[in-house]
$ cat target_35.txt   # compact mmCIF, C-alpha atoms
# COMPACT_ATOMS: atom_id res chain seq x y z
CA MET H 1 47.06 162.24 149.29
CA ASN H 2 47.71 161.26 145.66
CA HIS H 3 44.53 161.68 143.61
CA GLN H 4 46.15 161.06 140.24
CA LYS H 5 44.23 158.89 137.80
CA ASN H 6 46.32 156.43 135.82
CA ILE H 7 45.46 156.27 132.11
CA ASN H 8 47.10 153.39 130.25
CA LEU H 9 48.20 154.09 126.67
CA PHE H 10 48.76 151.52 123.93
CA ILE H 11 50.47 152.93 120.82
CA LEU H 12 49.97 151.04 117.55
CA GLY H 13 52.51 152.09 114.95
CA PHE H 14 56.00 153.02 116.05
CA GLY H 15 57.22 154.86 112.99
CA LYS H 16 58.25 158.51 112.92
CA VAL H 17 54.96 159.90 114.23
CA GLY H 18 54.70 157.24 116.94
CA GLN H 19 58.25 157.91 118.06
CA ALA H 20 57.67 161.67 118.13
CA LEU H 21 54.49 161.13 120.15
CA VAL H 22 56.35 159.06 122.75
CA ARG H 23 59.02 161.74 123.08
CA GLN H 24 56.37 164.44 123.49
CA ILE H 25 54.58 162.45 126.19
CA LEU H 26 57.81 161.92 128.10
CA ALA H 27 58.81 165.57 127.78
CA ALA H 28 55.39 166.74 128.99
CA ARG H 29 55.26 164.54 132.08
CA ALA H 30 56.78 167.21 134.31
CA GLN H 31 54.16 169.70 133.17
CA HIS H 32 51.36 167.36 134.22
CA ASP H 33 52.68 166.43 137.67
CA THR H 34 50.06 168.62 139.36
CA TYR H 35 47.22 167.46 137.10
CA PRO H 36 45.16 164.45 138.25
CA LEU H 37 46.16 162.44 135.18
CA ASN H 38 49.10 160.08 134.94
CA LEU H 39 49.64 158.88 131.36
CA HIS H 40 51.26 155.45 131.43
CA ILE H 41 52.68 154.10 128.15
CA VAL H 42 52.03 150.41 128.77
CA GLY H 43 52.33 149.15 125.18
CA LEU H 44 54.35 150.03 122.08
CA ALA H 45 53.66 148.06 118.90
CA ASP H 46 55.10 148.03 115.42
CA SER H 47 53.81 145.72 112.70
CA ARG H 48 55.57 142.68 114.18
CA ALA H 49 55.61 142.86 117.97
CA LEU H 50 54.25 144.51 121.10
CA LEU H 51 56.46 145.70 123.93
CA TYR H 52 54.26 145.63 127.05
CA ARG H 53 54.50 146.18 130.79
CA ALA H 54 51.34 146.26 132.91
CA GLY H 55 52.49 149.00 135.27
CA GLY H 56 53.80 151.17 132.45
CA LEU H 57 56.99 150.79 130.44
CA GLU H 58 60.04 152.16 132.22
CA ILE H 59 62.18 154.86 130.62
CA PRO H 60 65.06 152.46 129.77
CA GLN H 61 62.59 150.12 128.03
CA ILE H 62 61.13 152.97 126.01
CA GLN H 63 64.58 154.23 125.09
CA THR H 64 65.58 150.74 123.94
CA ALA H 65 62.51 150.66 121.71
CA LEU H 66 63.32 154.09 120.28
CA ASP H 67 66.92 153.04 119.63
CA HIS H 68 65.76 149.92 117.80
CA LYS H 69 63.44 151.86 115.52
CA GLU H 70 66.06 154.52 114.78
CA GLN H 71 68.34 151.70 113.63
CA GLY H 72 65.59 150.32 111.38
CA LEU H 73 65.02 147.27 113.60
CA SER H 74 61.71 145.71 114.57
CA LEU H 75 60.59 145.56 118.19
CA GLU H 76 60.62 141.78 117.82
CA ARG H 77 64.39 142.01 118.38
CA ILE H 78 63.72 143.01 122.01
CA GLU H 79 63.42 140.23 124.57
CA SER H 80 60.05 139.23 126.05
CA VAL H 81 57.86 141.00 123.51
CA HIS H 82 54.31 139.90 122.72
CA SER H 83 52.35 139.44 119.52
CA VAL H 84 50.50 142.52 118.27
CA ASP H 85 47.23 140.58 118.50
CA SER H 86 47.70 140.23 122.25
CA ILE H 87 46.55 143.86 122.59
CA ASN H 88 43.02 142.48 122.23
CA SER H 89 43.32 140.62 125.55
CA LEU H 90 45.23 143.38 127.35
CA LEU H 91 42.91 146.33 126.69
CA ASN H 92 40.67 147.38 129.55
CA PRO H 93 37.90 149.95 129.98
CA GLY H 94 39.38 153.42 130.35
CA ASP H 95 42.61 152.61 128.50
CA ILE H 96 43.44 154.56 125.33
CA LEU H 97 44.46 152.83 122.10
CA ILE H 98 46.40 155.16 119.77
CA ASP H 99 46.89 154.22 116.10
CA THR H 100 49.71 156.23 114.49
CA SER H 101 50.36 153.60 111.83
CA ALA H 102 49.42 153.72 108.17
CA SER H 103 48.26 150.11 108.31
CA PRO H 104 45.03 148.74 106.83
CA HIS H 105 45.13 145.90 109.40
CA THR H 106 44.43 147.62 112.75
CA MET H 107 40.63 147.41 112.68
CA PRO H 108 40.47 144.29 114.93
CA GLN H 109 42.32 146.12 117.69
CA LEU H 110 40.22 149.26 117.23
CA LEU H 111 36.94 147.36 117.38
CA ARG H 112 38.17 145.53 120.47
CA ALA H 113 38.79 148.92 122.09
CA VAL H 114 35.22 149.91 121.23
CA GLU H 115 33.93 146.63 122.67
CA VAL H 116 35.66 147.11 126.04
CA GLN H 117 34.93 150.87 126.21
CA ALA H 118 38.53 151.99 125.82
CA GLY H 119 39.35 155.31 124.18
CA VAL H 120 40.55 155.39 120.56
CA VAL H 121 42.79 158.07 119.04
CA LEU H 122 43.67 157.90 115.34
CA ALA H 123 46.30 159.45 113.11
CA ASN H 124 45.76 156.51 110.76
CA LYS H 125 43.17 157.51 108.16
CA ILE H 126 42.62 154.07 106.63
CA PRO H 127 40.26 152.64 109.31
CA LEU H 128 37.91 155.59 108.79
CA CYS H 129 37.78 155.17 105.00
CA GLY H 130 36.49 151.65 104.54
CA THR H 131 32.91 151.11 103.49
CA TRP H 132 30.41 152.99 105.61
CA ALA H 133 29.01 149.65 106.77
CA ASP H 134 32.44 148.77 108.18
CA THR H 135 33.37 152.15 109.65
CA SER H 136 30.09 153.57 110.96
CA ARG H 137 30.69 151.87 114.30
CA LEU H 138 33.85 153.91 114.75
CA PHE H 139 32.30 157.23 113.73
CA SER H 140 29.42 156.71 116.17
CA TYR H 141 31.72 155.75 119.06
CA PRO H 142 31.78 158.59 121.64
CA LEU H 143 35.35 157.82 122.76
CA LEU H 144 36.87 158.19 119.27
CA ARG H 145 39.18 161.13 118.49
CA TYR H 146 40.82 161.63 115.09
CA GLU H 147 41.93 165.26 114.75
CA ALA H 148 45.33 164.36 113.26
CA THR H 149 43.79 162.50 110.32
CA VAL H 150 43.08 165.85 108.60
CA GLY H 151 45.41 168.83 108.78
CA ALA H 152 48.00 167.25 111.10
CA GLY H 153 47.80 169.47 114.20
CA LEU H 154 45.24 171.96 112.84
CA PRO H 155 41.85 172.06 114.66
CA VAL H 156 39.83 170.99 111.63
CA ILE H 157 37.78 168.09 112.99
CA ASN H 158 37.08 169.76 116.33
CA THR H 159 35.93 172.95 114.60
CA LEU H 160 33.64 171.06 112.23
CA LYS H 161 32.17 169.03 115.09
CA SER H 162 31.61 172.18 117.14
CA LEU H 163 29.63 173.71 114.27
CA LEU H 164 27.50 170.60 113.94
CA GLU H 165 26.91 170.24 117.68
CA THR H 166 25.59 173.81 117.84
CA GLY H 167 23.13 173.24 115.00
CA ASP H 168 25.03 174.61 112.01
CA ARG H 169 24.93 172.79 108.67
CA PRO H 170 27.83 172.57 106.19
CA GLN H 171 27.13 173.60 102.61
CA SER H 172 30.63 172.99 101.27
CA ILE H 173 34.15 172.23 102.46
CA THR H 174 36.92 173.23 100.08
CA GLY H 175 40.65 173.68 100.15
CA CYS H 176 44.11 172.16 99.97
CA LEU H 177 44.37 169.16 102.27
CA SER H 178 47.88 167.86 101.53
CA GLY H 179 51.01 169.50 102.88
CA THR H 180 53.04 167.26 100.60
CA LEU H 181 51.22 168.29 97.43
CA GLY H 182 51.15 171.90 98.61
CA TYR H 183 54.92 171.84 98.85
CA LEU H 184 55.16 170.25 95.40
CA CYS H 185 52.91 172.90 93.85
CA SER H 186 54.92 175.70 95.47
CA CYS H 187 58.11 174.23 94.02
CA LEU H 188 56.58 173.99 90.54
CA GLU H 189 55.37 177.57 90.84
CA ALA H 190 58.94 178.64 91.73
CA GLY H 191 60.30 177.00 88.57
CA ILE H 192 61.75 173.90 90.20
CA PRO H 193 61.45 170.86 87.90
CA TYR H 194 58.86 168.27 88.90
CA SER H 195 61.44 165.50 89.40
CA GLN H 196 63.59 167.70 91.66
CA ALA H 197 60.57 168.84 93.66
CA VAL H 198 59.59 165.21 94.30
CA ARG H 199 63.10 164.33 95.46
CA ASP H 200 63.21 167.40 97.70
CA ALA H 201 59.87 166.53 99.28
CA LEU H 202 61.12 163.02 99.92
CA SER H 203 64.36 164.19 101.51
CA LEU H 204 62.47 166.64 103.77
CA GLY H 205 60.21 163.87 105.05
CA TYR H 206 57.05 165.32 103.49
CA THR H 207 56.33 162.15 101.52
CA GLU H 208 56.11 158.47 102.31
CA PRO H 209 59.22 156.42 101.40
CA ASP H 210 57.47 155.82 98.08
CA PRO H 211 56.37 159.34 96.99
CA ARG H 212 53.65 157.88 94.78
CA GLN H 213 51.61 157.19 97.92
CA ASP H 214 51.23 160.96 98.22
CA LEU H 215 51.31 161.81 94.50
CA SER H 216 48.43 159.38 93.89
CA GLY H 217 46.03 161.81 95.56
CA MET H 218 44.63 159.01 97.74
CA ASP H 219 45.76 160.73 100.93
CA VAL H 220 43.66 163.76 99.94
CA ALA H 221 40.78 161.46 99.00
CA ARG H 222 40.84 159.79 102.42
CA LYS H 223 40.87 163.16 104.18
CA ALA H 224 37.95 164.29 102.04
CA VAL H 225 35.96 161.18 102.92
CA ILE H 226 36.68 161.69 106.63
CA LEU H 227 35.54 165.33 106.45
CA SER H 228 32.46 164.38 104.47
CA ARG H 229 31.45 161.65 106.91
CA THR H 230 32.13 163.90 109.89
CA ALA H 231 29.85 166.51 108.31
CA GLY H 232 27.10 163.92 107.94
CA ILE H 233 27.43 163.70 104.16
CA PRO H 234 27.60 160.03 103.07
CA ALA H 235 30.69 159.26 100.98
CA GLU H 236 32.47 156.14 99.79
CA LEU H 237 36.14 156.20 98.83
CA SER H 238 35.44 153.72 96.04
CA ASP H 239 33.10 156.22 94.36
CA LEU H 240 35.73 158.96 93.99
CA SER H 241 37.64 159.79 90.85
CA VAL H 242 41.15 160.77 91.98
CA GLU H 243 43.70 162.41 89.69
CA PRO H 244 47.29 161.22 90.35
CA LEU H 245 50.27 163.50 89.78
CA TYR H 246 52.22 160.93 87.80
CA PRO H 247 51.41 158.87 84.68
CA MET H 248 49.98 155.40 85.18
CA GLU H 249 52.86 153.81 83.28
CA LEU H 250 55.04 154.65 86.30
CA GLU H 251 52.66 152.90 88.69
CA LYS H 252 54.35 149.48 88.67
CA VAL H 253 58.05 150.40 88.60
CA SER H 254 60.21 150.38 91.74
CA THR H 255 60.58 153.53 93.83
CA SER H 256 64.14 154.08 92.67
CA GLU H 257 63.07 153.66 89.03
CA PHE H 258 60.21 156.08 89.56
CA LEU H 259 62.57 158.74 90.93
CA GLN H 260 64.82 158.28 87.90
CA LEU H 261 61.98 158.33 85.37
CA ALA H 262 60.15 161.25 86.99
CA ALA H 263 62.22 163.65 84.86
CA ARG H 264 60.03 162.61 81.92
CA GLU H 265 57.28 164.71 83.50
CA ASP H 266 59.36 167.86 83.94
CA ALA H 267 58.35 169.37 80.60
CA TYR H 268 54.65 168.68 81.12
CA TYR H 269 54.49 170.40 84.52
CA ALA H 270 56.70 173.28 83.37
CA GLY H 271 54.22 173.85 80.55
CA LEU H 272 51.29 173.70 82.96
CA VAL H 273 52.89 176.30 85.23
CA SER H 274 53.64 178.51 82.22
CA GLN H 275 50.03 178.27 81.03
CA ALA H 276 48.79 179.12 84.53
CA ALA H 277 51.14 182.11 84.84
CA ALA H 278 49.82 183.55 81.58
CA GLU H 279 46.37 183.58 83.20
CA GLN H 280 47.66 184.94 86.54
CA LYS H 281 47.04 181.53 88.07
CA VAL H 282 49.01 178.83 89.90
CA PRO H 283 48.54 175.06 90.26
CA ARG H 284 47.01 173.70 93.47
CA TYR H 285 45.79 170.21 94.35
CA THR H 286 42.31 170.83 95.75
CA ALA H 287 39.34 169.03 97.21
CA SER H 288 35.72 170.17 97.21
CA ILE H 289 33.06 168.49 99.34
CA THR H 290 29.35 169.22 98.97
CA PRO H 291 26.15 167.22 99.53
CA ASP H 292 26.32 166.43 95.80
CA GLY H 293 29.71 164.75 95.99
CA ILE H 294 33.48 165.16 96.23
CA GLN H 295 35.78 166.59 93.56
CA ILE H 296 39.55 166.06 93.83
CA GLY H 297 42.39 167.00 91.49
CA LEU H 298 44.90 169.53 90.23
CA SER H 299 43.34 172.94 89.60
CA LEU H 300 44.58 176.29 88.35
CA VAL H 301 43.56 178.97 90.86
CA GLY H 302 44.00 182.73 90.99
CA ARG H 303 47.49 183.71 92.12
CA SER H 304 46.18 186.40 94.47
CA GLY H 305 43.39 184.31 96.01
CA SER H 306 43.42 182.41 99.27
CA LEU H 307 44.49 179.12 97.69
CA GLY H 308 46.96 180.80 95.35
CA SER H 309 48.74 182.54 98.20
CA LEU H 310 49.45 179.30 100.08
CA LYS H 311 53.12 178.48 100.42
CA GLY H 312 54.93 175.21 101.05
CA PRO H 313 53.16 172.53 103.09
CA ASP H 314 50.42 174.79 104.47
CA ASN H 315 46.84 173.52 104.38
CA TYR H 316 43.75 175.63 103.75
CA ILE H 317 40.25 174.47 104.68
CA ALA H 318 37.22 176.69 104.12
CA LEU H 319 33.97 175.70 105.85
CA GLN H 320 30.95 177.29 104.19
CA THR H 321 27.88 176.71 106.35
CA GLU H 322 24.44 178.14 107.02
CA ARG H 323 26.04 180.50 109.55
CA TYR H 324 28.97 181.31 107.28
CA PRO H 325 27.26 181.50 103.86
CA GLN H 326 29.26 184.31 102.22
CA SER H 327 32.60 184.45 104.03
CA PRO H 328 33.55 180.91 105.05
CA LEU H 329 35.21 179.94 108.31
CA VAL H 330 38.84 179.29 107.35
CA ILE H 331 41.46 177.12 109.02
CA SER H 332 44.98 177.39 107.65
CA GLY H 333 48.48 176.45 108.71
CA PRO H 334 51.08 173.66 108.53
CA GLY H 335 49.37 170.52 107.29
CA ALA H 336 52.38 168.21 107.28
CA GLY H 337 55.25 167.41 109.58
CA ILE H 338 56.07 164.71 112.07
CA GLU H 339 56.09 166.90 115.18
CA VAL H 340 52.85 168.77 114.43
CA THR H 341 51.07 165.51 113.58
CA ALA H 342 52.28 163.92 116.81
CA ALA H 343 51.16 167.02 118.69
CA GLY H 344 47.69 166.71 117.17
CA VAL H 345 47.52 163.12 118.39
CA PHE H 346 48.83 164.11 121.84
CA SER H 347 46.20 166.82 122.16
CA ASP H 348 43.47 164.27 121.41
CA VAL H 349 44.96 161.92 124.00
CA ILE H 350 44.93 164.61 126.70
CA ARG H 351 41.34 165.67 125.95
CA LEU H 352 40.15 162.08 125.90
CA ALA H 353 42.06 161.23 129.10
CA ARG H 354 40.33 164.14 130.84
CA GLU H 355 36.96 162.85 129.70
CA LEU H 356 37.75 159.33 130.88
CA TYR H 357 38.92 160.77 134.20
CA GLY H 358 35.67 162.68 134.54
CA ARG H 359 33.63 159.55 133.83
CA SER H 360 35.46 157.66 136.59

$ encode --input "target_35.txt" --output "structure tokens"
Amino acid sequence: MNHQKNINLFILGFGKVGQALVRQILAARAQHDTYPLNLHIVGLADSRALLYRAGGLEIPQIQTALDHKEQGLSLERIESVHSVDSINSLLNPGDILIDTSASPHTMPQLLRAVEVQAGVVLANKIPLCGTWADTSRLFSYPLLRYEATVGAGLPVINTLKSLLETGDRPQSITGCLSGTLGYLCSCLEAGIPYSQAVRDALSLGYTEPDPRQDLSGMDVARKAVILSRTAGIPAELSDLSVEPLYPMELEKVSTSEFLQLAAREDAYYAGLVSQAAAEQKVPRYTASITPDGIQIGLSLVGRSGSLGSLKGPDNYIALQTERYPQSPLVISGPGAGIEVTAAGVFSDVIRLARELYGRS
């Protein structure tokens, strides 16, 4: 007798992470044949259209969608697609809505999932960083998972929640939260000019198509707000002072112009690295979260310390709590990358699917 439980998945955002997630789900199906869960991808949505099939999209349909995105085409080019808003009427209790987009416009779908008691898995940080009045409903929802919003595939959120659930209290959370800016700082430390380091990070896929989205520091700020709120420390993104790693006069130019003009900053950052080296220090973009507030920006840290020894896109998060007052609990590892981010999302999906299966 077949006792498998079907779990329907809707994936919002079909960019690089969404595509990697789909491939990982398909590749893992054989490994889960004996497990009582059957993950059905019933909906794939980009910003313009939803590809949907009630019984689960068939492999040829999924492959067509992947081919379209690899060619830079919208899913709206595929026949018989639906509007993205139609997800609201298609979601049912026990389904899982996965948001791998970077869109500020997915909250209606997420709140609909909450309303119908569907699971929610986020890689998208933006919905968790609105005003607390707008986002508290998500944070209090027991079927929300958002591990990949901080540290890609690193177990940061789960570890912090485990500490809280067992009665521990955070005193501070510090570290380097951006793989992109970690890579940039490592390049600067190695003597690579700022402008070249930015272009390299872009070509390696560490940055958004417009690198200023990462260089602005807002990605770190959002992660800091998510960590702070998870720890029970109220924080508003609008209250933070965030130091960008480019001058404001380059804010309004096109991406191509920015990449050309970035060489103007080479001398400044070379001087900063030289100053740091004279003090046995290196530059790192850090975040510090305490009950008194959040501090974010470029710091000069000891070369031989934990932050100074980080290389490339690795993240470092130190949780100092009542149980770990002197030597903090440290989580470190790759904090950027399409595959590890998708894997973090996939892990949340599996855990949440098991919980939904248990509830049924």

$ atom_distance --input "target_35.txt" --atom1 "atom CA of Phe258 of chain H" --atom2 "atom CA of Cys185 of chain H"
18.8 Å

$ closest_atom_pairs --input "target_35.txt" --of "segment 171-281 of chain H" --to "segment 10-22 of chain H" --cutoff "12 Å" --atoms "only C-alpha atoms" --output "CSV"
residue,atom,partner,partner_atom,distance
H:Gly205,CA,H:Lys16,CA,9.7
H:Tyr206,CA,H:Lys16,CA,11.7
H:Glu208,CA,H:Lys16,CA,10.8
H:Pro209,CA,H:Lys16,CA,11.7

$ atom_distance --input "target_35.txt" --atom1 "atom CA of Met107 of chain H" --atom2 "atom CA of Val345 of chain H"
18.1 Å

$ closest_atom_pairs --input "target_35.txt" --of "segment 191-212 of chain H" --to "segment 302-318 of chain H" --cutoff "12 Å" --atoms "all atoms listed in the file" --output "CSV"
residue,atom,partner,partner_atom,distance
H:Ala197,CA,H:Gly312,CA,11.3
H:Asp200,CA,H:Gly312,CA,11.9
H:Ala201,CA,H:Pro313,CA,9.8
H:Leu204,CA,H:Pro313,CA,11.0
H:Gly205,CA,H:Pro313,CA,11.3
H:Tyr206,CA,H:Pro313,CA,8.2
H:Thr207,CA,H:Pro313,CA,11.0

$ atom_distance --input "target_35.txt" --atom1 "atom CA of Thr64 of chain H" --atom2 "atom CA of Leu122 of chain H"
24.6 Å

$ residues_around --input "target_35.txt" --residues "Glu243 of chain H" --least-positions-apart "4" --cutoff "12 Å" --atoms "only C-alpha atoms" --output "list in words"
Asp214, Leu215, Ser216, Gly217, Met218, Asp219, Val220, Ala221, Pro247, Met248, Tyr285, Thr286, Ala287, Gln295, Ile296, Gly297, Leu298 and Ser299 of chain H

$ residues_near_point --input "target_35.txt" --point "(33.9, 168.0, 110.2)" --cutoff "9 Å" --atoms "all atoms listed in the file" --output "PDB file with C-alpha atoms, keeping the file's coordinate frame"
ATOM      1  CA  VAL H 156      39.830 170.990 111.630  1.00  0.00           C
ATOM      2  CA  ILE H 157      37.780 168.090 112.990  1.00  0.00           C
ATOM      3  CA  ASN H 158      37.080 169.760 116.330  1.00  0.00           C
ATOM      4  CA  THR H 159      35.930 172.950 114.600  1.00  0.00           C
ATOM      5  CA  LEU H 160      33.640 171.060 112.230  1.00  0.00           C
ATOM      6  CA  LYS H 161      32.170 169.030 115.090  1.00  0.00           C
ATOM      7  CA  SER H 162      31.610 172.180 117.140  1.00  0.00           C
ATOM      8  CA  LEU H 163      29.630 173.710 114.270  1.00  0.00           C
ATOM      9  CA  LEU H 164      27.500 170.600 113.940  1.00  0.00           C
ATOM     10  CA  PRO H 170      27.830 172.570 106.190  1.00  0.00           C
ATOM     11  CA  ILE H 173      34.150 172.230 102.460  1.00  0.00           C
ATOM     12  CA  ILE H 226      36.680 161.690 106.630  1.00  0.00           C
ATOM     13  CA  LEU H 227      35.540 165.330 106.450  1.00  0.00           C
ATOM     14  CA  SER H 228      32.460 164.380 104.470  1.00  0.00           C
ATOM     15  CA  ARG H 229      31.450 161.650 106.910  1.00  0.00           C
ATOM     16  CA  THR H 230      32.130 163.900 109.890  1.00  0.00           C
ATOM     17  CA  ALA H 231      29.850 166.510 108.310  1.00  0.00           C
ATOM     18  CA  GLY H 232      27.100 163.920 107.940  1.00  0.00           C
ATOM     19  CA  LEU H 319      33.970 175.700 105.850  1.00  0.00           C
TER      20      LEU H 319
END

$ closest_residue --input "target_35.txt" --among "H:Tyr357, H:Lys252, H:Phe346, H:Gly271" --to "Tyr146 of chain H" --atoms "all atoms listed in the file"
H:Phe346

$ closest_residue --input "target_35.txt" --among "H:Ala262, H:Ala342, H:Leu300, H:Ile41" --to "Arg29 of chain H" --atoms "only C-alpha atoms"
H:Ile41

$ residues_around --input "target_35.txt" --residues "Pro155 of chain H" --least-positions-apart "6" --cutoff "9 Å" --atoms "all atoms listed in the file" --output "NGL selection string"
:H and (147-148 or 331 or 344)

$ closest_residue --input "target_35.txt" --among "H:His40, H:Ser256, H:Val340, H:Ala45" --to "Glu58 of chain H" --atoms "all atoms listed in the file"
H:His40

$ closest_residue --input "target_35.txt" --among "H:Glu355, H:Ser47, H:Ser136, H:Leu73" --to "Thr106 of chain H" --atoms "only C-alpha atoms"
H:Ser47

$ closest_residue --input "target_35.txt" --among "H:Glu76, H:Glu70, H:Glu115, H:Asp210" --to "Pro93 of chain H" --atoms "only C-alpha atoms"
H:Glu115

$ closest_residue --input "target_35.txt" --among "H:Ile96, H:Leu188, H:Leu39, H:Ala267" --to "Lys5 of chain H" --atoms "all atoms listed in the file"
H:Leu39

$ residues_around --input "target_35.txt" --residues "Leu128 of chain H" --least-positions-apart "4" --cutoff "9 Å" --atoms "all atoms listed in the file" --output "list in words"
Asn124, Trp132, Asp134, Thr135, Ser136, Leu138, Phe139, Arg222, Val225 and Ile226 of chain H

$ residues_around --input "target_35.txt" --residues "Pro291 of chain H" --least-positions-apart "3" --cutoff "9 Å" --atoms "all atoms listed in the file" --output "VMD selection string"
chain H and resid 170 to 172 228 233 to 234 294

$ write_last_selection --input "target_35.txt" --atoms "C-alpha atoms" --output "compact mmCIF listing (two decimals), keeping the file's coordinate frame"
# COMPACT_ATOMS: atom_id res chain seq x y z
CA PRO H 170 27.83 172.57 106.19
CA GLN H 171 27.13 173.60 102.61
CA SER H 172 30.63 172.99 101.27
CA SER H 228 32.46 164.38 104.47
CA ILE H 233 27.43 163.70 104.16
CA PRO H 234 27.60 160.03 103.07
CA ILE H 294 33.48 165.16 96.23

$ axis_aligned_box --input "target_35.txt" --around "segment 102-117 of chain H" --padding-each-side "6 Å" --output "JSON"
{"center_x": 41.7, "center_y": 149.0, "center_z": 116.5, "size_x": 27.5, "size_y": 21.4, "size_z": 31.4}

$ residues_around --input "target_35.txt" --residues "Val42 of chain H" --least-positions-apart "4" --cutoff "6 Å" --atoms "all atoms listed in the file" --output "PyMOL selection string"
chain H and resi 8-10+52-54+56-57

$ build_atoms --input "target_35.txt" --residues "segment 279-293 of chain H" --atoms "N, CA and C atoms" --output "PDB file, keeping the file's coordinate frame"
ATOM      1  N   GLU H 279      47.733 183.236  82.777  1.00  0.00           N
ATOM      2  CA  GLU H 279      46.370 183.580  83.200  1.00  0.00           C
ATOM      3  C   GLU H 279      46.347 184.114  84.621  1.00  0.00           C
ATOM      4  N   GLN H 280      47.535 184.471  85.156  1.00  0.00           N
ATOM      5  CA  GLN H 280      47.660 184.940  86.540  1.00  0.00           C
ATOM      6  C   GLN H 280      47.132 183.890  87.524  1.00  0.00           C
ATOM      7  N   LYS H 281      47.476 182.640  87.230  1.00  0.00           N
ATOM      8  CA  LYS H 281      47.040 181.530  88.070  1.00  0.00           C
ATOM      9  C   LYS H 281      48.231 180.660  88.474  1.00  0.00           C
ATOM     10  N   VAL H 282      47.994 179.780  89.437  1.00  0.00           N
ATOM     11  CA  VAL H 282      49.010 178.830  89.900  1.00  0.00           C
ATOM     12  C   VAL H 282      48.346 177.477  90.118  1.00  0.00           C
ATOM     13  N   PRO H 283      49.124 176.381  90.038  1.00  0.00           N
ATOM     14  CA  PRO H 283      48.540 175.060  90.260  1.00  0.00           C
ATOM     15  C   PRO H 283      48.373 174.747  91.743  1.00  0.00           C
ATOM     16  N   ARG H 284      47.260 174.161  92.107  1.00  0.00           N
ATOM     17  CA  ARG H 284      47.010 173.700  93.470  1.00  0.00           C
ATOM     18  C   ARG H 284      46.210 172.393  93.404  1.00  0.00           C
ATOM     19  N   TYR H 285      46.545 171.469  94.290  1.00  0.00           N
ATOM     20  CA  TYR H 285      45.790 170.210  94.350  1.00  0.00           C
ATOM     21  C   TYR H 285      44.671 170.408  95.369  1.00  0.00           C
ATOM     22  N   THR H 286      43.434 170.413  94.908  1.00  0.00           N
ATOM     23  CA  THR H 286      42.310 170.830  95.750  1.00  0.00           C
ATOM     24  C   THR H 286      41.273 169.722  95.927  1.00  0.00           C
ATOM     25  N   ALA H 287      40.482 169.904  96.959  1.00  0.00           N
ATOM     26  CA  ALA H 287      39.340 169.030  97.210  1.00  0.00           C
ATOM     27  C   ALA H 287      38.123 169.895  97.479  1.00  0.00           C
ATOM     28  N   SER H 288      36.976 169.468  96.981  1.00  0.00           N
ATOM     29  CA  SER H 288      35.720 170.170  97.210  1.00  0.00           C
ATOM     30  C   SER H 288      34.664 169.153  97.629  1.00  0.00           C
ATOM     31  N   ILE H 289      34.043 169.410  98.774  1.00  0.00           N
ATOM     32  CA  ILE H 289      33.060 168.490  99.340  1.00  0.00           C
ATOM     33  C   ILE H 289      31.727 169.214  99.463  1.00  0.00           C
ATOM     34  N   THR H 290      30.707 168.676  98.849  1.00  0.00           N
ATOM     35  CA  THR H 290      29.350 169.220  98.970  1.00  0.00           C
ATOM     36  C   THR H 290      28.391 168.044  99.129  1.00  0.00           C
ATOM     37  N   PRO H 291      27.126 168.319  99.464  1.00  0.00           N
ATOM     38  CA  PRO H 291      26.150 167.220  99.530  1.00  0.00           C
ATOM     39  C   PRO H 291      25.998 166.469  98.218  1.00  0.00           C
ATOM     40  N   ASP H 292      26.438 167.081  97.110  1.00  0.00           N
ATOM     41  CA  ASP H 292      26.320 166.430  95.800  1.00  0.00           C
ATOM     42  C   ASP H 292      27.502 165.529  95.471  1.00  0.00           C
ATOM     43  N   GLY H 293      28.571 165.604  96.267  1.00  0.00           N
ATOM     44  CA  GLY H 293      29.710 164.750  95.990  1.00  0.00           C
ATOM     45  C   GLY H 293      31.033 165.403  96.316  1.00  0.00           C
TER      46      GLY H 293
END
